[in-house]
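A short write-up of the structure that comes next.
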Amino acid sequence: MASATKHAPTGEHHGPDRPAEPAGAALELLVHGVGGTTPEEMLNDPRTVRITGDGTAAVFRRVDDADAEDHPEDHRGEPVPEAYVWSNLTSGNGSRALWLLLLPFMVVNLAHWMRPTARGRRRAVRLYGLLVRLAGLTLTVLLVAAACEVALDLTAWQCAGTPACAEHHAWLGFLSPEASGGGWWSQPGRRLALASLVPAALAGLLWYLSHRTWSAYESQKPMSLRGEPDDDATGRTALGRPGFWYGRRLVARLRAAHTAAGFLTVAAAVGSPAARHDRGLDGPVLLESLGWLVNALLVGGAVVVVWVVCRRGRSENRLDRELDRNLVRRLPLASIVVLALAMLYAGWSRPEWQSQGRLPGDMTFGGIAFVQGLLVIVLAVVAHVLYRSQPDSRTAMRGLAGPAVAMLACALGGVMSGGVAQRVADWLDGGGDAFLGPPVLLTWQASVIPALLLVVVVLVGWLAWRTWVLRRGELGVVEGEYGLRAGEEQAGRSGEEPERQDTARTRRIAGTRAMATLTDRAPLVVGIVSTVTLLLGLGALVGATITEKAPGEAARGTYPFVEGAADTAQALGSWLIGFGFILFVASGRRAYKDASARRTIGILWDVGTFWPRAAHPFAPPCYAERAVPDLTWRMATWTRATGGRLVISGHSQGSVLAAAAAWQLTPSVRKRIALLTYGSPLERLYGRWFPAHFGPRALDSLHREVDCWRNLYRVTDPIGGPVRLPGDRGPGVDAEPFKDPLAYGRTRAHPLPAPILGHSDYQADPAFAVERKRLLDRIGPEVPVPRGGE
C-alpha cells in the first residue's frame, strides 16, 4: 500500500480555541466493503497520505487534500474525500488463512446474534444467549476430544499396541511393547500420558491465539459516551450502547472457561482409562484412591467451567473496564494442575496393563452429540417464543435462523472431528484385527453424509430451475426498461441510432438479475439443510447406541439391498469425510501462499467476524471492535473541530460499519452527519438474519436519529438492496434502483458496451454524485433542514 511519507495534520489537532471553519466545509468519509481495497483505488489518485491510524487500519486522503481544513475556499461545492481502509483487520496476513479451521466457532458465534426481536422477555433473551454459549462450549470439548481420539486412542493406544501397526510406522517403535522390548514408554498409561501433550498443546494454542488476537484487534476502547440503553418504546438497537463494542470481560471469562474445558478434556482422556483399570483389580489402595481423586477433580472442574459460562453474559449498558483477574488466571492454571496430576497418575507403573479394544470414545462423542442436539432443540423453542412476541414476516426462518445456524456449527465440528479421525485411522492402519479404528459413532455420522449431500444436490437443482424460470420472466422486463420494443420511435425523437435487440446481452442482463435473487432464498436452504442434518445426526446417534457396530456390520444378515446400501454409505461417507478434512487443510494452505485465495477467505471473515465474540472466545477476532471506534472517533473529532458537514459513505459491509458507528455518536454529532449507503446488506441480510439489532424498528430508529440517510441499490446486486422502512417519510431513504447496465447498446454517452456492474462501482453512475449532493444540501450550517425539504 503506497502512501506519501509525511503525515498530514489530523482533525484532532484543531483545538477548541481554534475558530470554526466556514459552514461550507464538507467531508465524505468513504468506507469500503468486503475483500478490501487500497486508498489509491478508493480516492482515484496514485498519491495518498495517511491522515491518522496505523498499519492495521487508517484514514487516507489525496496529497492535494491533506490540508483541506486550512483552505476551505478551495473545496467549496464538493466534499473532500477521505478513505478509511480496514482490510488488514481481516484479510491482510497470510497466516490468518489458518482461521479457516476455526469456522465452527465463528458460525456458533453468529447464532448468538441471530435471536429474534423480543419485547419484554428479558429472561428468554438471557436463556437464548446461555444456550448458545453452552453449544459453543460443546464445540471446544468436541475439538479437543477429536485431538485426544487421534493422539491417545488411535496412535498411542491402538496402533502402538498392535504389533503390525507399530511395525508399519517405525516412529512408534519406542512405544510398542514388542518393538521396544518392554521399554519404559511401552506401558499403556505412559503412552497415553506422552500422547496427551498433543491435545494439551492444541488447547494452549487456542488460548494463545484468542488472547493475542484480542490484544491486536479488539482492545480499542470506544468513546466514553453517556449511555442510551435499549428502549422497547423507541426501538433503539443495542448497537448504540456504550459497551457494545468492548466485550473484554466476557471474552476473558469465556477464554478462561474454554481453556480449562480443553485441559480437563485431555485430563479425562488420559486419567479415566487408568482409573477404570485400577478399579477392576485389587491393586494398591493409594493408587485406587488417587484415581478417585482425579475423577472427583474432573467433575468439580467441569461444574466450575459450566458455572462460569452460565454465570454472566455481555455487559453493554456501560463501558465495562473490569476484569475478573483471579478467575481468568486461576481457572486455566487449576485445570493444568489437574491435567498434570492425571498424567502422573496414568504414568504410574502397571506392568500387567495391556491395551485392548478402543478407549471409551463412543460414550464421549455420543454424549457430546446428544447434548448438542438437545441444546439446539431447546434453543429453537426459545427462539420461537421470542419470535411470537413480535413477529415479522421479513425475519429469516421465522426466528429459527439462530438454532439452524447453531446446528450447522455443530455439524461442521462433527465433520472436522470425524474427518481427521477417519483420515488418521486410514493412514495408521497397518493391518490386523487389533486395530479397530475410530469410534462407531463417528463411522455412523460419516455414513449419513451421502444422504445429506443428496438433499443438497436436490436443493441446488431446484434453485437452478427457479433461477432459469426467473430469467425467462426478466427477459420481457429488460426489453421494457431499455425500450427495445419501441426503440425506433424513441430513437427518432432523441436523434440516436435505434437500439437493436441483442439476444445474448438481454439474456446476460436477465440472468444477472435472476442470480441476484438467490440471496433471498438462503433462509429456505439453511432451514432445510439444518433440519435434515439434525434428523440424520439423531438417527446416527440412535443407530450407534443400539447396535454398537458400524453400519455395514449392523446390516449383516438383513436384506441384500439394505446390506449393500449400508456398506456403500459407510465406504462413501468415510471417503467423503476424509476428503472434507483434506479440503479444509488444503484451502488454508493455498490461502497462505496464494493472495487471491487469501482474499476470498478474507471476504468470508469480513462477513462472519463483524460481530463480537459473545458465544465462543476461540472464534476469529471481531474487526468491528476496532473499526467502529475508529469511525466514531474520526467523525466526532472532525465535526467538533471544523463545524462542517460530513457524509459517511459506506459500500457493502462498509455500510454496516457506518450504521454501527452512527449509532455510537451523540445526538448532537449525529445531526451533523449524513449517511449514504450503497450496495448495502443492512436490511436484505442483516435485517433478516439479525432482527434484534438490524430489524425494522432498529433501522427506523437510525432513520430518526441520523438526520439524512439515502440508500442506493441495483436489482442486479446479489448483496445490496432496499431498506424498506415502514412509513418512510420525506424524500425517503431508498432511491430509485440504479439502472444496470447504464446503456443497453452503444450510445453517444457510452460508445463502448457498458458493463453489468452488479455489486461494484456505484460511483460510476452519474446519479451517485447527485444523491450525495442532495445529502449535503440537506445538512444546514447550524440547524438541520427539515426532512421533507430538498
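Letters for chains follow the order of the C-alpha cells (A, B, ...), residue numbers begin at 1 for each chain, and ligand numbers begin at 1 in the order shown.
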Q: Name the residues of stretch 45-137 of chain A that come out as alpha helix (DSSP H) in a backbone DSSP run; write them as a ChimeraX atom specification.
A: /A:103-113,122-137
Q: Extract, using only C-alpha atoms, all DNA, RNA and protein residues at most 6 Å from stretch 412-422 of chain A, discarding same-chain residues fewer than 3 positions from it, and format them as a PyMOL selection string.
A: chain A and resi 104+146+150+409+425+442+577-578+581
Q.
From the options A:Val63, A:Ala124, A:Ala68, A:Ala256, which residue's atoms come nearest to A:Pro617, counting only C-alpha atoms?
A.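 The closest residue to A:Pro617 is A:Ala256.
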Q: Would you please give, as a list of chain:residue names, all residues of stretch 646-737 of chain A that DSSP assigns to strand (DSSP E) based on the backbone?
A: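 Written out, the strand (DSSP E) residues of stretch 646-737 of chain A are A:Leu646, A:Val647, A:Ile648, A:Ser649, A:Gly650, A:His651, A:Ile673, A:Ala674, A:Leu675, A:Leu676, A:Thr677, A:Tyr678, A:Cys708, A:Trp709, A:Arg710, A:Asn711, A:Leu712.
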Sort by chain and increasing residue number a table of all residues of stretch 546-645 of chain A within 12 Å of stretch 114-123 of chain A, each with its closest pair of atoms and their distance in Å to one decimal, counting only C-alpha atoms, and write it as JSON lines.
{"residue": "A:Trp611", "atom": "CA", "partner": "A:Met114", "partner_atom": "CA", "distance": 10.6}
{"residue": "A:Ala614", "atom": "CA", "partner": "A:Met114", "partner_atom": "CA", "distance": 11.9}
{"residue": "A:Ala615", "atom": "CA", "partner": "A:Met114", "partner_atom": "CA", "distance": 11.8}
Q: Find the residues near A:Leu327: any atom within 10 Å, counting only C-alpha atoms, skip ones fewer than 4 places away on the same chain, and give them as a count of residues only.
A: 9
Exercise: A:Ala571 partners within 9 Å, only C-alpha atoms, chain neighbours under 5 positions left out, as an mmCIF file with C-alpha atoms, in the first residue's frame:
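Written file, out_4.cif:
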data_model
loop_
_atom_site.group_PDB
_atom_site.id
_atom_site.type_symbol
_atom_site.label_atom_id
_atom_site.label_comp_id
_atom_site.auth_asym_id
_atom_site.auth_seq_id
_atom_site.Cartn_x
_atom_site.Cartn_y
_atom_site.Cartn_z
ATOM 1 C CA ALA A 446 -19.844 -40.338 8.226
ATOM 2 C CA SER A 447 -22.354 -42.811 6.758
ATOM 3 C CA GLY A 552 -22.010 -52.243 7.453
ATOM 4 C CA ALA A 566 -25.117 -49.739 4.332
ATOM 5 C CA LEU A 576 -16.159 -38.013 1.879
#
Q.
Excluding A:Ser652 and its own-chain neighbours fewer than 3 positions away, which residues fall within 8 Å of it when counting only C-alpha atoms? Please give them as a list in words.
A.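 Selected residues are His32, Gly33, Val34, Ser655, Val656, Thr677, Tyr678, Gly679, Ser680, Pro681, Ile719 and Gly720 of chain A.
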Q: One decimal, Å: what's the distance from atom CA of A:Leu298 over to atom CA of A:Pro188, could you say?
A: 20.9 Å
Q: For A:Ala554, please output as a PyMOL selection string all residues within 9 Å (counting only C-alpha atoms; exclusion window: fewer than 4 positions along the same chain).
A: chain A and resi 543+547-550+558+563+566
Q: Write out as an NGL selection string which residues come within 7 Å of A:Asp362 when counting only C-alpha atoms, dropping same-chain ones fewer than 6 positions away.
A: :A and (439-441)
